[in-house]
Every structure is written in structure tokens, then in C-alpha cells.
>>> print(open('final-v8.cif').read())   # mmCIF, C-alpha atoms
data_start
#
loop_
_atom_site.label_atom_id
_atom_site.label_comp_id
_atom_site.auth_asym_id
_atom_site.auth_seq_id
_atom_site.Cartn_x
_atom_site.Cartn_y
_atom_site.Cartn_z
CA MET A 26 90.97 96.77 91.55
CA ALA A 27 87.67 97.79 89.95
CA MET A 28 84.54 95.93 90.98
CA LYS A 29 82.40 94.37 88.26
CA ASP A 30 78.69 95.21 88.34
CA ASN A 31 77.73 91.56 88.80
CA GLU A 32 80.51 90.57 91.21
CA ILE A 33 79.31 89.59 94.68
CA VAL A 34 81.39 91.33 97.34
CA LEU A 35 82.34 90.03 100.80
CA MET A 36 82.00 93.06 103.08
CA GLY A 37 83.27 91.27 106.16
CA ILE A 38 82.73 88.35 108.51
CA ILE A 39 81.16 88.57 111.96
CA LEU A 40 82.29 85.99 114.53
CA SER A 41 79.96 85.42 117.48
CA ASP A 42 79.03 82.92 120.15
CA SER A 43 75.54 82.71 118.63
CA ALA A 44 73.19 84.43 116.21
CA ILE A 45 69.41 84.65 116.18
CA ARG A 46 67.35 85.59 113.11
CA GLU A 47 64.16 87.43 114.08
CA MET A 48 61.07 85.93 112.44
CA GLY A 49 59.17 89.10 111.54
CA THR A 50 61.99 91.33 110.33
CA GLY A 51 64.66 88.85 109.27
CA LYS A 52 67.20 90.87 111.26
CA VAL A 53 70.09 88.96 112.82
CA SER A 54 71.04 89.52 116.46
CA TYR A 55 74.62 88.58 117.35
CA ILE A 56 75.50 87.45 120.86
CA GLY A 57 79.09 87.57 122.06
CA THR A 58 80.90 88.97 119.01
CA PHE A 59 84.69 88.60 118.87
CA HIS A 60 87.64 89.02 116.52
CA GLN A 61 90.14 86.38 117.60
CA TYR A 62 91.03 83.74 120.13
CA HIS A 63 93.95 83.87 122.56
CA SER A 64 95.54 80.93 124.36
CA PRO A 65 98.86 80.39 126.11
CA VAL A 66 98.57 76.61 125.61
CA PHE A 67 98.16 74.48 122.48
CA PRO A 68 96.34 72.47 121.30
CA PHE A 69 93.51 74.90 122.09
CA ALA A 70 89.85 73.80 121.91
CA VAL A 71 87.12 76.36 121.21
CA PRO A 72 83.39 75.83 121.65
CA ALA A 73 80.91 76.03 118.80
CA PHE A 74 80.45 79.52 117.35
CA VAL A 75 78.87 81.30 114.39
CA ALA A 76 80.70 82.81 111.40
CA THR A 77 78.55 85.21 109.37
CA PRO A 78 79.79 86.47 106.01
CA MET A 79 78.13 89.71 104.85
CA LEU A 80 77.53 89.72 101.09
CA THR A 81 76.59 92.67 98.88
CA ASN A 82 76.56 93.88 95.27
CA ILE A 83 73.96 91.27 94.33
CA ARG A 84 71.91 92.54 91.39
CA GLY A 85 68.69 91.45 89.78
CA ASN A 86 66.61 88.36 90.51
CA LEU A 87 68.01 85.11 91.82
CA GLU A 88 66.53 82.49 89.56
CA LYS A 89 67.97 79.62 91.62
CA PRO A 90 69.45 79.28 95.11
CA VAL A 91 73.03 80.54 95.35
CA SER A 92 75.52 78.18 97.05
CA VAL A 93 77.58 79.83 99.81
CA ALA A 94 80.45 77.88 101.39
CA LEU A 95 82.64 78.80 104.33
CA ARG A 96 85.90 77.09 105.23
CA ILE A 97 88.35 77.69 108.10
CA GLU A 98 91.89 76.59 107.30
CA ASP A 99 95.51 76.89 108.33
CA PRO A 100 97.10 78.79 105.41
CA LYS A 101 100.55 77.39 106.24
CA THR A 102 99.52 73.75 105.89
CA GLY A 103 96.20 73.89 104.01
CA HIS A 104 94.63 71.84 106.83
CA ILE A 105 90.85 72.46 106.90
CA LEU A 106 89.45 72.83 110.41
CA ALA A 107 85.83 73.41 109.38
CA ASN A 108 83.85 73.37 106.16
CA THR A 109 80.16 74.18 105.76
CA VAL A 110 77.81 74.95 102.86
CA GLY A 111 74.41 76.59 102.62
CA ASN A 112 72.13 78.18 100.07
CA LEU A 113 71.08 81.78 99.73
CA GLY A 114 67.47 81.50 98.72
CA VAL A 115 65.29 84.53 98.00
CA LEU A 116 61.84 84.87 96.51
CA PRO A 117 62.34 84.88 92.72
CA GLU A 118 60.28 88.05 92.28
CA TYR A 119 62.64 90.07 94.53
CA ALA A 120 65.06 92.19 92.49
CA PHE A 121 68.33 93.10 94.23
CA THR A 122 69.63 96.60 93.53
CA GLY A 123 73.23 95.94 94.59
CA VAL A 124 73.14 97.91 97.84
CA GLU A 125 71.56 95.26 100.08
CA VAL A 126 73.77 93.45 102.59
CA ILE A 127 72.89 89.78 103.12
CA ASP A 128 74.02 88.10 106.35
CA VAL A 129 74.61 84.35 105.95
CA PRO A 130 75.18 82.84 109.43
CA PHE A 131 77.00 79.48 109.55
CA PRO A 132 77.17 77.42 112.74
CA ILE A 133 80.72 76.17 113.27
CA PRO A 134 81.21 73.08 115.45
CA PRO A 135 83.81 73.00 118.24
CA LEU A 136 87.36 73.24 116.82
CA VAL A 137 90.85 72.44 118.01
CA PHE A 138 93.69 74.75 116.99
CA GLN A 139 96.93 72.79 117.09
CA SER A 140 99.25 75.80 117.14
CA ALA A 141 99.26 79.58 117.43
CA GLY A 142 98.97 81.54 114.20
CA ASN A 143 96.67 83.23 111.76
CA TYR A 144 93.94 81.04 110.32
CA SER A 145 91.98 81.90 107.18
CA ILE A 146 88.22 82.02 106.75
CA ILE A 147 87.46 81.40 103.08
CA VAL A 148 84.05 82.28 101.63
CA MET A 149 82.97 80.92 98.26
CA VAL A 150 79.81 81.76 96.29
CA ASP A 151 78.78 79.26 93.60
CA GLY A 152 82.30 77.82 93.75
CA GLU A 153 84.14 81.15 93.37
CA LYS A 154 86.36 82.40 96.17
CA LEU A 155 85.52 85.92 97.35
#
>>> encode(input="final-v8.cif", output="C-alpha cells")
Amino acid sequence: MAMKDNEIVLMGIILSDSAIREMGTGKVSYIGTFHQYHSPVFPFAVPAFVATPMLTNIRGNLEKPVSVALRIEDPKTGHILANTVGNLGVLPEYAFTGVEVIDVPFPIPPLVFQSAGNYSIIVMVDGEKL
């Protein structure tokens, strides 16, 4: 599928125990990155963690904050385990070229997985699913 010039792209999602944004550089440091959980027993409770979508292909100036939402759900049942929303705000005079990668860390509260399986992390930008 061809990518449109103005289509924001989700490059990936980093899962970590915590994330720290450095004041001077804006860089994000990730502590305890992981890809999945394993448990022999269910329900399975997990502590709070951070889910960080990486967005790119943003072009031009952002004239208003861009809404970014992240949802964790069971695709078999549609049950939503977590839902959080934030805004991507950038100085209006900054012009994106499309090659920048923007990390948007979201704190996720403790969750309980009722059964084993694959769970979906859905990222939406201004109401559109990526």
C-alpha cells in the first residue's frame, strides 16, 4: 500500500517499565523495555508501564495540538483494558520535513489480563486509527 505524503505513520511501539524525557535534549530514555508478558496463571496482574508509539511522516507546521490516543484491548471480545489520550504539541514555527520520529510516551496503569492471548495496542491520531 502506498503511503500518502500527509499520512502520519506508526513506526512501532516501545513497551517499558518507565520512560524519562531529558529536559535539555528532549531525548527519551527507556528503562526495562519488553515485548510481551508471560504467565502460567490467569487472571494475571501487571504493574504500571509505559507504551510509547513512534510517529513519523509528519509534514509542515502543526497549527493546533494533535490528539494522540492509545488503547489496549482484547481483539476477541473488544474489551478495553486501558485507554489514554494526549496531545502532540510543537512550537507553531517548527516545520516538520517528514523524516522526524516523534516518541509519545503514555503511562499505563496496572492491568489485569483475564486470559492468555494476543492483545492489541491501538494508536489513533486525531481520531484516525494508524
>>> atom_distance(input="final-v8.cif", atom1="CA of Ile97 in chain A", atom2="CA of Ile147 in chain A")
6.3 Å
>>> closest_residue(input="final-v8.cif", among="A:Pro78, A:Gly142, A:Gly123, A:Gly57", to="Arg96 in chain A", atoms="all atoms listed in the file")
A:Pro78
>>> resolve_selection(input="final-v8.cif", expression="the PyMOL selection byres ((chain A and resi 81) around 6)", output="ChimeraX atom specification")
/A:33-34,80,82-83,125-126
>>> residues_around(input="final-v8.cif", residues="Asp42 in chain A", least_positions_apart="4", cutoff="7 Å", atoms="all atoms listed in the file", output="list of chain:residue names")
A:Ile56, A:Gly57, A:Thr58, A:Phe74, A:Val75
>>> residues_around(input="final-v8.cif", residues="Val66 in chain A", least_positions_apart="5", cutoff="12 Å", atoms="only C-alpha atoms", output="PyMOL selection string")
chain A and resi 137-141
>>> closest_residue(input="final-v8.cif", among="A:Pro135, A:Gly85, A:Asn108, A:Lys154", to="Thr122 in chain A", atoms="all atoms listed in the file")
A:Gly85
>>> resolve_selection(input="final-v8.cif", expression="the PyMOL selection byres ((chain A and resi 44) around 7)", output="list in words")
Ser41, Ser43, Ile45, Arg46, Val53, Ser54, Tyr55, Ile56 and Val75 of chain A
>>> write_last_selection(input="final-v8.cif", atoms="C-alpha atoms", output="CSV table (one decimal), in the frame of the given file")
chain,number,residue,atom,x,y,z
A,41,SER,CA,80.0,85.4,117.5
A,43,SER,CA,75.5,82.7,118.6
A,45,ILE,CA,69.4,84.6,116.2
A,46,ARG,CA,67.4,85.6,113.1
A,53,VAL,CA,70.1,89.0,112.8
A,54,SER,CA,71.0,89.5,116.5
A,55,TYR,CA,74.6,88.6,117.4
A,56,ILE,CA,75.5,87.4,120.9
A,75,VAL,CA,78.9,81.3,114.4
>>> atom_distance(input="final-v8.cif", atom1="CA of Met36 in chain A", atom2="CA of Pro130 in chain A")
13.8 Å
>>> resolve_selection(input="final-v8.cif", expression="the PyMOL selection byres ((chain A and resi 107) around 10)", output="PyMOL selection string")
chain A and resi 95-98+104-106+108-109+133-136+146
>>> closest_residue(input="final-v8.cif", among="A:Gly37, A:Gly114, A:Gly49, A:Pro132", to="Glu88 in chain A", atoms="all atoms listed in the file")
A:Gly114
>>> closest_residue(input="final-v8.cif", among="A:Val93, A:Ala120, A:Val110, A:Tyr62", to="Met79 in chain A", atoms="all atoms listed in the file")
A:Val93
>>> atom_distance(input="final-v8.cif", atom1="CA of Thr77 in chain A", atom2="CA of Ile127 in chain A")
9.6 Å
